[in-house]
$ cat start13.cif   # mmCIF, C-alpha atoms
data_data
#
loop_
_atom_site.label_atom_id
_atom_site.label_comp_id
_atom_site.auth_asym_id
_atom_site.auth_seq_id
_atom_site.Cartn_x
_atom_site.Cartn_y
_atom_site.Cartn_z
CA MET F 23 99.49 89.50 60.26
CA VAL F 24 100.83 92.94 61.17
CA ASN F 25 99.45 96.03 59.47
CA GLU F 26 102.03 97.29 56.96
CA GLU F 27 100.71 100.87 56.90
CA PRO F 28 101.26 103.01 60.00
CA PHE F 29 98.13 104.18 61.75
CA GLY F 30 99.53 107.67 62.38
CA LEU F 31 98.53 107.63 66.04
CA SER F 32 98.54 110.67 68.29
CA VAL F 33 99.89 110.38 71.83
CA LEU F 34 96.32 110.45 73.18
CA GLU F 35 95.20 107.69 70.79
CA SER F 36 98.25 105.66 71.80
CA GLU F 37 97.45 106.04 75.49
CA ILE F 38 93.89 104.87 74.85
CA LEU F 39 95.08 101.76 72.99
CA VAL F 40 97.65 100.85 75.64
CA THR F 41 95.01 101.29 78.33
CA ILE F 42 92.53 99.05 76.48
CA ASP F 43 95.26 96.45 76.07
CA ASN F 44 96.06 96.58 79.80
CA ILE F 45 92.51 96.71 81.19
CA GLY F 46 90.29 95.34 78.43
CA TRP F 47 87.32 97.01 76.78
CA TYR F 48 84.62 98.25 79.15
CA ALA F 49 82.45 100.93 77.55
CA TYR F 50 81.11 102.15 80.91
CA LEU F 51 84.65 103.15 81.96
CA TRP F 52 85.02 105.44 78.92
CA PHE F 53 81.50 106.74 78.26
CA PRO F 54 79.92 109.12 79.18
CA VAL F 55 82.71 109.89 81.68
CA VAL F 56 86.31 108.71 81.48
CA TYR F 57 87.06 106.95 84.78
CA ARG F 58 90.75 107.81 84.80
CA GLU F 59 91.62 106.39 88.21
CA VAL F 60 89.99 103.02 87.53
CA LEU F 61 91.63 102.84 84.09
CA ASN F 62 94.98 104.20 85.34
CA PHE F 63 94.63 106.61 82.42
CA GLY F 64 96.94 109.57 82.97
CA SER F 65 96.14 111.81 80.02
CA ASN F 66 95.14 115.38 80.83
CA ALA F 67 92.95 115.56 77.70
CA SER F 68 89.32 116.45 78.24
CA ASP F 69 86.70 113.70 78.15
CA GLU F 70 85.42 115.22 74.89
CA ASP F 71 88.89 114.91 73.34
CA VAL F 72 89.16 111.30 74.53
CA HIS F 73 85.76 110.50 73.01
CA ALA F 74 86.77 112.16 69.72
CA ALA F 75 89.97 110.09 69.72
CA PHE F 76 87.87 106.91 69.81
CA GLY F 77 86.18 107.96 66.58
CA SER F 78 89.57 108.65 65.05
CA LEU F 79 90.90 105.24 66.14
CA ILE F 80 87.93 103.55 64.49
CA LEU F 81 88.39 105.55 61.27
CA LYS F 82 92.11 104.67 61.25
CA LYS F 83 91.12 101.03 61.81
CA ALA F 84 93.35 100.83 64.89
CA LEU F 85 90.22 99.73 66.79
CA VAL F 86 87.92 97.20 65.17
CA MET F 87 84.62 95.75 66.27
CA SER F 88 84.97 92.30 67.75
CA GLN F 89 83.11 89.78 65.60
CA ASP F 90 82.24 87.49 68.48
CA LYS F 91 80.13 90.05 70.35
CA CYS F 92 77.96 92.19 68.11
CA GLY F 93 75.09 93.73 69.99
CA GLU F 94 73.73 97.06 71.10
CA ILE F 95 77.02 98.15 72.66
CA PRO F 96 79.99 97.48 70.37
CA GLU F 97 82.92 95.49 71.68
CA TRP F 98 86.24 96.82 70.43
CA LYS F 99 89.67 95.24 70.06
CA LEU F 100 93.02 96.46 68.83
CA SER F 101 94.00 95.84 65.23
CA SER F 102 97.10 93.87 64.45
CA GLY F 103 100.11 96.16 64.75
CA ALA F 104 98.24 98.92 66.56
CA LEU F 105 99.62 98.14 70.02
CA GLU F 106 103.22 98.15 68.82
CA GLU F 107 102.78 101.54 67.15
CA ALA F 108 100.90 102.86 70.18
CA LYS F 109 103.73 101.89 72.52
CA GLU F 110 106.29 103.58 70.28
CA THR F 111 104.21 106.76 69.93
CA ARG F 112 103.38 106.85 73.64
CA SER F 113 107.03 106.40 74.58
CA LEU F 114 108.09 109.22 72.26
CA GLY F 115 105.38 111.51 73.66
CA THR F 116 106.39 110.73 77.25
CA ASP F 117 110.06 111.37 76.46
CA LEU F 118 109.26 114.76 74.91
CA ARG F 119 106.98 115.83 77.79
CA THR F 120 109.55 114.78 80.37
CA ARG F 121 112.51 116.28 78.57
CA TYR F 122 110.91 119.63 77.77
CA GLY F 123 108.33 119.93 80.54
CA LEU F 124 105.49 119.97 78.03
CA SER F 125 101.87 119.38 78.89
CA ASP F 126 99.83 116.62 77.28
CA PRO F 127 99.85 117.56 73.54
CA ASP F 128 96.52 115.88 72.83
#
$ encode --input "start13.cif" --output "structure tokens"
Amino acid sequence: MVNEEPFGLSVLESEILVTIDNIGWYAYLWFPVVYREVLNFGSNASDEDVHAAFGSLILKKALVMSQDKCGEIPEWKLSSGALEEAKETRSLGTDLRTRYGLSDPD
């Protein structure tokens, strides 16, 4: 079932979701330092902004805790419909940055 309500994702949030979809969820690659090269994560946002975006994704319910692995370190997965919206938002953000020479807005 696809989420009917849009998540209202930022470009940074979208890039995080697409990266998680491509690589999988590995907390040690995101916290306490974002291992950009390993993740192939191209955002210029600070690590602090990336970490704040995770909280926002959880509040927006675009990331949900996986029910099969509840332990000390949460396992996260993408909500239904989140990846599709993330790809659309990310594409729009990339088009704008390329077209107008803008830096990473998030």
$ closest_residue --input "start13.cif" --among "F:Tyr57, F:Tyr50, F:Phe63, F:Phe29" --to "Ser102 of chain F" --atoms "only C-alpha atoms"
F:Phe29
$ residues_around --input "start13.cif" --residues "Lys82 of chain F" --least-positions-apart "6" --cutoff "10 Å" --atoms "all atoms listed in the file" --output "list in words"
Pro28, Phe29, Gly30, Leu31, Phe76, Ser101 and Ala104 of chain F
$ atom_distance --input "start13.cif" --atom1 "atom CA of Ile45 of chain F" --atom2 "atom CA of Leu100 of chain F"
12.4 Å
$ resolve_selection --input "start13.cif" --expression "the PyMOL selection byres ((chain F and resi 47) around 12)" --output "list in words"
Ile38, Leu39, Val40, Thr41, Ile42, Asp43, Asn44, Ile45, Gly46, Tyr48, Ala49, Tyr50, Leu51, Trp52, Phe53, Leu61, Leu85, Val86, Met87, Ser88, Lys91, Ile95, Pro96, Glu97, Trp98, Lys99 and Leu100 of chain F
$ write_last_selection --input "start13.cif" --atoms "C-alpha atoms" --output "PDB file, in the coordinates of the input"
ATOM      1  CA  ILE F  38      93.890 104.870  74.850  1.00  0.00           C
ATOM      2  CA  LEU F  39      95.080 101.760  72.990  1.00  0.00           C
ATOM      3  CA  VAL F  40      97.650 100.850  75.640  1.00  0.00           C
ATOM      4  CA  THR F  41      95.010 101.290  78.330  1.00  0.00           C
ATOM      5  CA  ILE F  42      92.530  99.050  76.480  1.00  0.00           C
ATOM      6  CA  ASP F  43      95.260  96.450  76.070  1.00  0.00           C
ATOM      7  CA  ASN F  44      96.060  96.580  79.800  1.00  0.00           C
ATOM      8  CA  ILE F  45      92.510  96.710  81.190  1.00  0.00           C
ATOM      9  CA  GLY F  46      90.290  95.340  78.430  1.00  0.00           C
ATOM     10  CA  TYR F  48      84.620  98.250  79.150  1.00  0.00           C
ATOM     11  CA  ALA F  49      82.450 100.930  77.550  1.00  0.00           C
ATOM     12  CA  TYR F  50      81.110 102.150  80.910  1.00  0.00           C
ATOM     13  CA  LEU F  51      84.650 103.150  81.960  1.00  0.00           C
ATOM     14  CA  TRP F  52      85.020 105.440  78.920  1.00  0.00           C
ATOM     15  CA  PHE F  53      81.500 106.740  78.260  1.00  0.00           C
ATOM     16  CA  LEU F  61      91.630 102.840  84.090  1.00  0.00           C
ATOM     17  CA  LEU F  85      90.220  99.730  66.790  1.00  0.00           C
ATOM     18  CA  VAL F  86      87.920  97.200  65.170  1.00  0.00           C
ATOM     19  CA  MET F  87      84.620  95.750  66.270  1.00  0.00           C
ATOM     20  CA  SER F  88      84.970  92.300  67.750  1.00  0.00           C
ATOM     21  CA  LYS F  91      80.130  90.050  70.350  1.00  0.00           C
ATOM     22  CA  ILE F  95      77.020  98.150  72.660  1.00  0.00           C
ATOM     23  CA  PRO F  96      79.990  97.480  70.370  1.00  0.00           C
ATOM     24  CA  GLU F  97      82.920  95.490  71.680  1.00  0.00           C
ATOM     25  CA  TRP F  98      86.240  96.820  70.430  1.00  0.00           C
ATOM     26  CA  LYS F  99      89.670  95.240  70.060  1.00  0.00           C
ATOM     27  CA  LEU F 100      93.020  96.460  68.830  1.00  0.00           C
TER      28      LEU F 100
END
$ residues_near_point --input "start13.cif" --point "(103.1, 108.8, 71.5)" --cutoff "9 Å" --atoms "only C-alpha atoms" --output "compact mmCIF listing (two decimals) with C-alpha atoms, in the frame of the given file"
# COMPACT_ATOMS: atom_id res chain seq x y z
CA LEU F 31 98.53 107.63 66.04
CA SER F 32 98.54 110.67 68.29
CA VAL F 33 99.89 110.38 71.83
CA LEU F 34 96.32 110.45 73.18
CA GLU F 35 95.20 107.69 70.79
CA SER F 36 98.25 105.66 71.80
CA GLU F 37 97.45 106.04 75.49
CA GLU F 107 102.78 101.54 67.15
CA ALA F 108 100.90 102.86 70.18
CA LYS F 109 103.73 101.89 72.52
CA GLU F 110 106.29 103.58 70.28
CA THR F 111 104.21 106.76 69.93
CA ARG F 112 103.38 106.85 73.64
CA SER F 113 107.03 106.40 74.58
CA LEU F 114 108.09 109.22 72.26
CA GLY F 115 105.38 111.51 73.66
CA THR F 116 106.39 110.73 77.25
CA ASP F 117 110.06 111.37 76.46
$ atom_distance --input "start13.cif" --atom1 "atom CA of Gly103 of chain F" --atom2 "atom CA of Gly77 of chain F"
18.3 Å
$ atom_distance --input "start13.cif" --atom1 "atom CA of Glu27 of chain F" --atom2 "atom CA of Ser78 of chain F"
15.8 Å
$ decode --input "start13.cif" --residues "segment 32-63 of chain F" --atoms "C-alpha atoms" --output "PDB file, in the first residue's frame"
ATOM      1  CA  SER F  32      13.668  18.033   1.355  1.00  0.00           C
ATOM      2  CA  VAL F  33      16.403  17.311  -1.179  1.00  0.00           C
ATOM      3  CA  LEU F  34      18.720  16.208   1.646  1.00  0.00           C
ATOM      4  CA  GLU F  35      16.097  13.853   3.089  1.00  0.00           C
ATOM      5  CA  SER F  36      15.520  12.459  -0.397  1.00  0.00           C
ATOM      6  CA  GLU F  37      19.217  11.820  -0.906  1.00  0.00           C
ATOM      7  CA  ILE F  38      19.366   9.977   2.420  1.00  0.00           C
ATOM      8  CA  LEU F  39      16.424   7.735   1.493  1.00  0.00           C
ATOM      9  CA  VAL F  40      17.801   6.933  -1.959  1.00  0.00           C
ATOM     10  CA  THR F  41      21.172   6.107  -0.401  1.00  0.00           C
ATOM     11  CA  ILE F  42      19.589   3.800   2.183  1.00  0.00           C
ATOM     12  CA  ASP F  43      17.644   2.090  -0.592  1.00  0.00           C
ATOM     13  CA  ASN F  44      20.834   1.595  -2.628  1.00  0.00           C
ATOM     14  CA  ILE F  45      23.204   0.555   0.176  1.00  0.00           C
ATOM     15  CA  GLY F  46      20.967  -0.686   2.986  1.00  0.00           C
ATOM     16  CA  TRP F  47      20.833   0.530   6.566  1.00  0.00           C
ATOM     17  CA  TYR F  48      24.159   0.520   8.414  1.00  0.00           C
ATOM     18  CA  ALA F  49      24.121   2.881  11.404  1.00  0.00           C
ATOM     19  CA  TYR F  50      27.927   2.969  11.639  1.00  0.00           C
ATOM     20  CA  LEU F  51      28.107   4.551   8.158  1.00  0.00           C
ATOM     21  CA  TRP F  52      25.894   7.465   9.251  1.00  0.00           C
ATOM     22  CA  PHE F  53      26.722   7.985  12.934  1.00  0.00           C
ATOM     23  CA  PRO F  54      28.709   9.645  14.438  1.00  0.00           C
ATOM     24  CA  VAL F  55      30.375  10.509  11.110  1.00  0.00           C
ATOM     25  CA  VAL F  56      28.769  10.312   7.671  1.00  0.00           C
ATOM     26  CA  TYR F  57      31.047   8.119   5.537  1.00  0.00           C
ATOM     27  CA  ARG F  58      30.204   9.826   2.261  1.00  0.00           C
ATOM     28  CA  GLU F  59      32.639   7.948   0.029  1.00  0.00           C
ATOM     29  CA  VAL F  60      31.537   4.515   1.247  1.00  0.00           C
ATOM     30  CA  LEU F  61      27.869   5.500   0.920  1.00  0.00           C
ATOM     31  CA  ASN F  62      28.394   7.324  -2.402  1.00  0.00           C
ATOM     32  CA  PHE F  63      26.528  10.154  -0.664  1.00  0.00           C
TER      33      PHE F  63
END
